[in-house]
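The data block below is start34.cif; it holds mmCIF, C-alpha atoms.
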data_target
#
loop_
_atom_site.label_atom_id
_atom_site.label_comp_id
_atom_site.auth_asym_id
_atom_site.auth_seq_id
_atom_site.Cartn_x
_atom_site.Cartn_y
_atom_site.Cartn_z
CA MET A 171 66.54 121.13 25.99
CA ASN A 172 64.45 122.33 28.92
CA PHE A 173 63.25 125.91 29.12
CA ASN A 174 61.49 127.70 31.93
CA PHE A 175 58.58 129.22 30.01
CA ILE A 176 56.71 132.19 31.48
CA ASP A 177 53.33 133.00 29.99
CA ARG A 178 53.34 136.64 28.85
CA ASN A 179 49.72 137.26 29.88
CA GLU A 180 50.39 135.80 33.31
CA LEU A 181 53.44 138.01 33.66
CA TYR A 182 51.54 141.16 32.64
CA LYS A 183 48.77 140.31 35.09
CA THR A 184 51.24 140.34 37.97
CA LEU A 185 52.67 143.70 36.82
CA GLU A 186 49.40 145.64 36.91
CA THR A 187 49.47 148.85 38.90
CA ASN A 188 46.74 150.18 41.15
CA ASP A 189 44.24 152.50 39.49
CA HIS A 190 44.28 155.26 42.09
CA LEU A 191 47.76 156.20 43.20
CA GLU A 192 48.60 158.66 45.95
CA ILE A 193 51.69 160.65 45.01
CA THR A 194 53.83 162.32 47.67
CA GLU A 195 56.21 165.07 46.60
CA ASN A 196 59.31 165.16 48.78
CA GLU A 197 61.52 168.26 48.85
CA VAL A 198 64.91 168.15 50.58
CA GLY A 199 66.97 171.22 49.79
CA GLU A 200 67.35 171.29 46.00
CA LEU A 201 66.28 167.63 45.69
CA THR A 202 62.72 166.82 44.66
CA TYR A 203 61.61 163.21 44.41
CA TYR A 204 58.25 161.45 44.43
CA SER A 205 57.07 158.41 46.37
CA ILE A 206 53.97 156.35 45.58
CA SER A 207 52.84 153.66 48.01
CA ASN A 208 50.81 150.56 47.04
CA PHE A 209 52.04 150.85 43.48
CA LEU A 210 51.49 147.28 42.25
CA LYS A 211 48.14 145.52 42.61
CA ASN A 212 49.64 142.13 43.46
CA PRO A 213 53.30 142.59 44.49
CA LEU A 214 53.63 139.11 46.01
CA ASP A 215 52.52 137.60 42.69
CA THR A 216 55.04 139.85 40.94
CA ILE A 217 57.84 138.45 43.09
CA SER A 218 56.62 134.89 42.59
CA VAL A 219 56.89 135.20 38.79
CA LEU A 220 60.11 137.21 38.69
CA GLU A 221 61.87 134.70 40.95
CA ASN A 222 61.97 132.50 37.82
CA TRP A 223 63.87 135.16 35.84
CA PRO A 224 67.64 134.61 35.39
CA ALA A 225 69.77 136.70 37.72
CA LEU A 226 73.32 137.56 36.69
CA ASP A 227 75.85 137.57 39.50
CA GLY A 228 79.51 138.55 39.54
CA HIS A 229 81.48 141.62 40.41
CA VAL A 230 80.39 144.77 38.57
CA TYR A 231 80.01 148.43 39.51
CA THR A 232 76.53 147.90 40.96
CA PRO A 233 76.38 145.61 44.01
CA GLY A 234 74.61 142.25 44.07
CA ALA A 235 72.95 140.34 41.24
CA ARG A 236 70.80 141.74 38.43
CA GLN A 237 67.87 140.65 36.29
CA ASN A 238 67.61 142.51 33.00
CA PHE A 239 64.28 143.37 31.36
CA THR A 240 63.30 144.90 28.04
CA PRO A 241 60.41 147.41 27.88
CA MET A 242 58.27 144.63 26.35
CA ASP A 243 58.81 142.50 29.46
CA LEU A 244 57.34 145.16 31.76
CA VAL A 245 54.62 146.71 29.58
CA PRO A 246 52.04 147.55 32.31
CA ILE A 247 54.69 149.23 34.47
CA ILE A 248 56.37 151.07 31.59
CA LYS A 249 53.04 152.47 30.40
CA LYS A 250 52.33 153.76 33.90
CA TYR A 251 55.74 155.44 34.01
CA GLN A 252 54.93 157.28 30.80
CA SER A 253 51.74 158.74 32.24
CA LEU A 254 53.37 159.55 35.59
CA CYS A 255 56.24 161.46 33.96
CA PHE A 256 53.72 163.53 32.00
CA GLN A 257 51.55 164.08 35.10
CA LEU A 258 54.51 165.17 37.25
CA GLY A 259 56.05 167.41 34.60
CA LEU A 260 59.26 165.41 34.52
CA PRO A 261 61.64 165.51 31.54
CA ASN A 262 59.96 164.01 28.50
CA ALA A 263 61.61 160.80 27.33
CA ASP A 264 60.75 157.77 25.22
CA VAL A 265 59.92 154.99 27.69
CA THR A 266 60.18 152.39 24.91
CA LYS A 267 63.93 153.00 24.99
CA SER A 268 64.22 152.64 28.75
CA LEU A 269 66.45 150.13 30.54
CA SER A 270 65.12 148.08 33.45
CA THR A 271 66.97 145.86 35.87
CA SER A 272 66.38 144.39 39.28
CA LEU A 273 68.90 144.69 42.08
CA ILE A 274 69.21 141.65 44.34
CA MET A 275 71.44 142.39 47.32
CA SER A 276 72.32 140.37 50.38
CA LYS A 277 74.37 140.33 53.54
CA ASN A 278 78.15 139.97 53.09
CA MET A 279 78.05 140.48 49.31
CA GLN A 280 81.42 141.15 47.70
CA VAL A 281 81.98 144.20 45.50
CA TRP A 282 84.68 146.25 43.80
CA LYS A 283 86.37 148.48 46.35
CA ASN A 284 84.75 151.92 46.50
CA SER A 285 81.80 150.86 44.34
CA TRP A 286 79.67 152.36 47.12
CA MET A 287 80.70 155.87 46.07
CA PRO A 288 77.81 158.16 44.95
CA HIS A 289 77.10 158.48 41.25
CA VAL A 290 74.82 160.09 38.69
CA ASP A 291 73.01 158.28 35.89
CA ASN A 292 74.33 160.33 33.00
CA ASN A 293 72.47 158.46 30.28
CA CYS A 294 68.97 158.77 31.73
CA LEU A 295 66.63 161.58 32.69
CA VAL A 296 64.43 159.83 35.25
CA VAL A 297 64.94 156.84 37.56
CA CYS A 298 61.94 154.81 38.75
CA ASN A 299 62.54 152.34 41.57
CA ILE A 300 59.97 149.86 42.91
CA TRP A 301 60.82 148.40 46.31
CA LEU A 302 59.78 144.76 46.60
CA CYS A 303 61.08 144.44 50.14
CA ASP A 304 61.23 146.25 53.44
CA CYS A 305 64.78 147.09 54.40
CA VAL A 306 66.51 149.48 56.78
CA GLY A 307 67.98 152.19 54.57
CA GLY A 308 67.09 152.93 50.96
CA THR A 309 68.41 155.25 48.25
CA ALA A 310 70.91 157.73 49.67
CA PHE A 311 71.33 161.20 48.21
CA TYR A 312 74.61 163.11 48.48
CA LYS A 313 76.02 166.55 47.84
CA TYR A 314 79.39 166.90 46.13
CA LYS A 315 81.12 170.00 47.52
CA GLY A 316 77.69 171.52 48.08
CA HIS A 317 76.24 170.45 44.71
CA TYR A 318 73.09 168.31 44.70
CA ASN A 319 73.54 167.29 41.06
CA ASN A 320 75.86 167.78 38.10
CA ASP A 321 73.93 170.66 36.52
CA SER A 322 76.03 173.54 37.81
CA LEU A 323 79.45 171.93 38.14
CA ILE A 324 82.27 173.63 36.28
CA LEU A 325 83.42 170.32 34.82
CA PRO A 326 81.55 169.20 31.68
CA LYS A 327 78.88 166.60 32.40
CA SER A 328 80.88 164.03 30.43
CA LYS A 329 83.67 164.42 32.98
CA VAL A 330 81.51 164.21 36.10
CA GLY A 331 81.81 160.44 36.11
CA GLY A 332 85.47 160.94 36.82
CA ILE A 333 84.60 162.50 40.17
CA VAL A 334 82.69 159.40 41.14
CA MET A 335 84.84 156.73 39.53
CA ASN A 336 88.34 157.92 40.33
CA LYS A 337 88.43 155.93 43.56
CA LEU A 338 87.04 152.71 42.07
CA GLU A 339 89.41 149.73 42.39
CA LYS A 340 88.14 146.85 40.25
CA ASN A 341 90.98 144.53 41.21
CA ILE A 342 90.19 144.62 44.92
CA ILE A 343 87.10 142.64 46.01
CA VAL A 344 85.78 143.52 49.46
CA PRO A 345 82.52 143.29 51.45
CA TRP A 346 79.95 145.99 50.74
CA GLN A 347 79.87 148.99 53.07
CA ASN A 348 77.68 152.08 53.33
CA PHE A 349 79.24 155.39 52.36
CA GLU A 350 78.74 157.98 55.08
CA GLY A 351 80.52 160.83 53.27
CA ASP A 352 83.97 162.42 53.36
CA GLU A 353 85.62 165.80 52.81
CA ASP A 354 83.97 166.07 49.36
CA TRP A 355 80.67 164.24 49.84
CA GLU A 356 77.82 164.88 52.28
CA LEU A 357 75.07 162.33 52.86
CA TYR A 358 71.97 164.48 53.43
CA HIS A 359 68.96 162.22 52.83
CA VAL A 360 67.91 158.56 52.54
CA ALA A 361 64.67 157.78 50.69
CA PRO A 362 63.41 154.71 52.60
CA SER A 363 62.91 151.28 51.08
CA THR A 364 59.28 150.45 51.81
CA PHE A 365 57.57 147.40 50.32
CA ASN A 366 55.54 148.09 47.15
CA THR A 367 56.55 151.75 47.08
CA LEU A 368 57.74 153.45 43.90
CA ILE A 369 60.18 156.34 44.12
CA ILE A 370 60.93 158.61 41.17
CA TYR A 371 63.87 161.00 40.91
CA GLU A 372 66.02 162.63 38.25
CA GLY A 373 69.17 160.70 37.40
CA LYS A 374 71.34 163.81 37.61
CA ASN A 375 71.10 163.81 41.42
CA PHE A 376 74.07 162.25 43.21
CA HIS A 377 72.86 159.04 44.83
CA GLY A 378 73.79 155.52 45.86
CA THR A 379 72.76 152.41 47.78
CA TYR A 380 72.47 152.64 51.56
CA ALA A 381 71.22 149.67 53.57
CA GLU A 382 71.50 147.46 56.60
CA PHE A 383 71.38 143.89 55.35
CA ASP A 384 70.05 140.81 57.12
CA GLU A 385 69.35 137.26 55.92
CA LYS A 386 66.64 138.42 53.49
CA TYR A 387 67.29 139.69 49.99
CA ARG A 388 67.01 143.40 49.29
CA TYR A 389 65.00 143.37 46.06
CA SER A 390 63.97 146.23 43.80
CA ILE A 391 63.25 146.95 40.14
CA GLN A 392 64.85 150.04 38.63
CA THR A 393 63.97 151.62 35.31
CA PHE A 394 66.22 154.21 33.70
CA ILE A 395 64.18 156.40 31.36
#
Final structure tokens representation of the file:
Amino acid sequence: MNFNFIDRNELYKTLETNDHLEITENEVGELTYYSISNFLKNPLDTISVLENWPALDGHVYTPGARQNFTPMDLVPIIKKYQSLCFQLGLPNADVTKSLSTSLIMSKNMQVWKNSWMPHVDNNCLVVCNIWLCDCVGGTAFYKYKGHYNNDSLILPKSKVGGIVMNKLEKNIIVPWQNFEGDEDWELYHVAPSTFNTLIIYEGKNFHGTYAEFDEKYRYSIQTFI
């Protein structure tokens, strides 16, 4: 047997965050999200180590391939998220129970039809996304019939997924496309993907992937708290 061993201390060293972070609060209508540039001390080293991590490919709801991480795999980052959530007054949650995954996207990737529809992350309070690339586009935010999130919809929150998923066709595999909106959905803002920038937003906001792909991978690490 041959295993690709990664030294834990070496990994943690590459995941250290900068000591002094400049936080920008962005307000767009009823949406508030935060962006923090120069988040990681050594982002190129981070990429170099994480390139050795297994990436699962295959057609699922989220586009591209994914690397899955436990909180213990990303300790320096997860600890920083805990302090940032407290500092920003975001919903209090146990970061030790968070779920982290990378998203590795590329030109001409194949997806389930309509998997580009906006969604909410019903099972998390806060989403933290570290961009490890520069890419045209970013995280798109949408309004559903004028609603920025699923707080004030008449339908119970447990049913909101039906709004998003009712057009999903798992049996039809097609190239990825950006969703520009329709009679129900309005694309009103795109938070840009800027290298080594962290964005933080509440999972209840309707959002989705929006990007112009080239020959480089679109790489980010998302944590659902």
Practice task
State, in Å with one decimal place, the distance from CA of Tyr203 in chain A to CA of His289 in chain A.
Solution key: 16.5 Å
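In this model, the gap between CA of Asn320 in chain A and CA of Val230 in chain A comes to 23.5 Å.
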Pull the closest atom pair for each residue of range 289-370 of chain A that gets at most 10 Å from range 279-285 of chain A, along with the distance in Å to one decimal, counting all atoms listed in the file, ordering rows by chain and then ascending residue number, as JSON lines.
{"residue": "A:His289", "atom": "CA", "partner": "A:Ser285", "partner_atom": "CA", "distance": 9.5}
{"residue": "A:Val334", "atom": "CA", "partner": "A:Ser285", "partner_atom": "CA", "distance": 9.2}
{"residue": "A:Met335", "atom": "CA", "partner": "A:Ser285", "partner_atom": "CA", "distance": 8.2}
{"residue": "A:Asn336", "atom": "CA", "partner": "A:Asn284", "partner_atom": "CA", "distance": 9.3}
{"residue": "A:Lys337", "atom": "CA", "partner": "A:Asn284", "partner_atom": "CA", "distance": 6.2}
{"residue": "A:Leu338", "atom": "CA", "partner": "A:Asn284", "partner_atom": "CA", "distance": 5.0}
{"residue": "A:Glu339", "atom": "CA", "partner": "A:Lys283", "partner_atom": "CA", "distance": 5.1}
{"residue": "A:Lys340", "atom": "CA", "partner": "A:Trp282", "partner_atom": "CA", "distance": 5.0}
{"residue": "A:Asn341", "atom": "CA", "partner": "A:Trp282", "partner_atom": "CA", "distance": 7.0}
{"residue": "A:Ile342", "atom": "CA", "partner": "A:Lys283", "partner_atom": "CA", "distance": 5.6}
{"residue": "A:Ile343", "atom": "CA", "partner": "A:Trp282", "partner_atom": "CA", "distance": 4.9}
{"residue": "A:Val344", "atom": "CA", "partner": "A:Gln280", "partner_atom": "CA", "distance": 5.3}
{"residue": "A:Pro345", "atom": "CA", "partner": "A:Gln280", "partner_atom": "CA", "distance": 4.5}
{"residue": "A:Trp346", "atom": "CA", "partner": "A:Val281", "partner_atom": "CA", "distance": 5.9}
{"residue": "A:Gln347", "atom": "CA", "partner": "A:Asn284", "partner_atom": "CA", "distance": 8.7}
{"residue": "A:Asn348", "atom": "CA", "partner": "A:Asn284", "partner_atom": "CA", "distance": 9.8}
{"residue": "A:Phe349", "atom": "CA", "partner": "A:Asn284", "partner_atom": "CA", "distance": 8.8}
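Among the candidates A:Val245, A:Val265, A:Leu368, A:Leu302, the residue lying nearest to Ser218 in chain A is A:Leu302 (atoms considered: all atoms listed in the file).
Considering the residues A:Leu323, A:Gly378, A:Leu181, A:Phe239 and counting all atoms listed in the file, Asp215 in chain A has its shortest atom-to-atom contact with A:Leu181.
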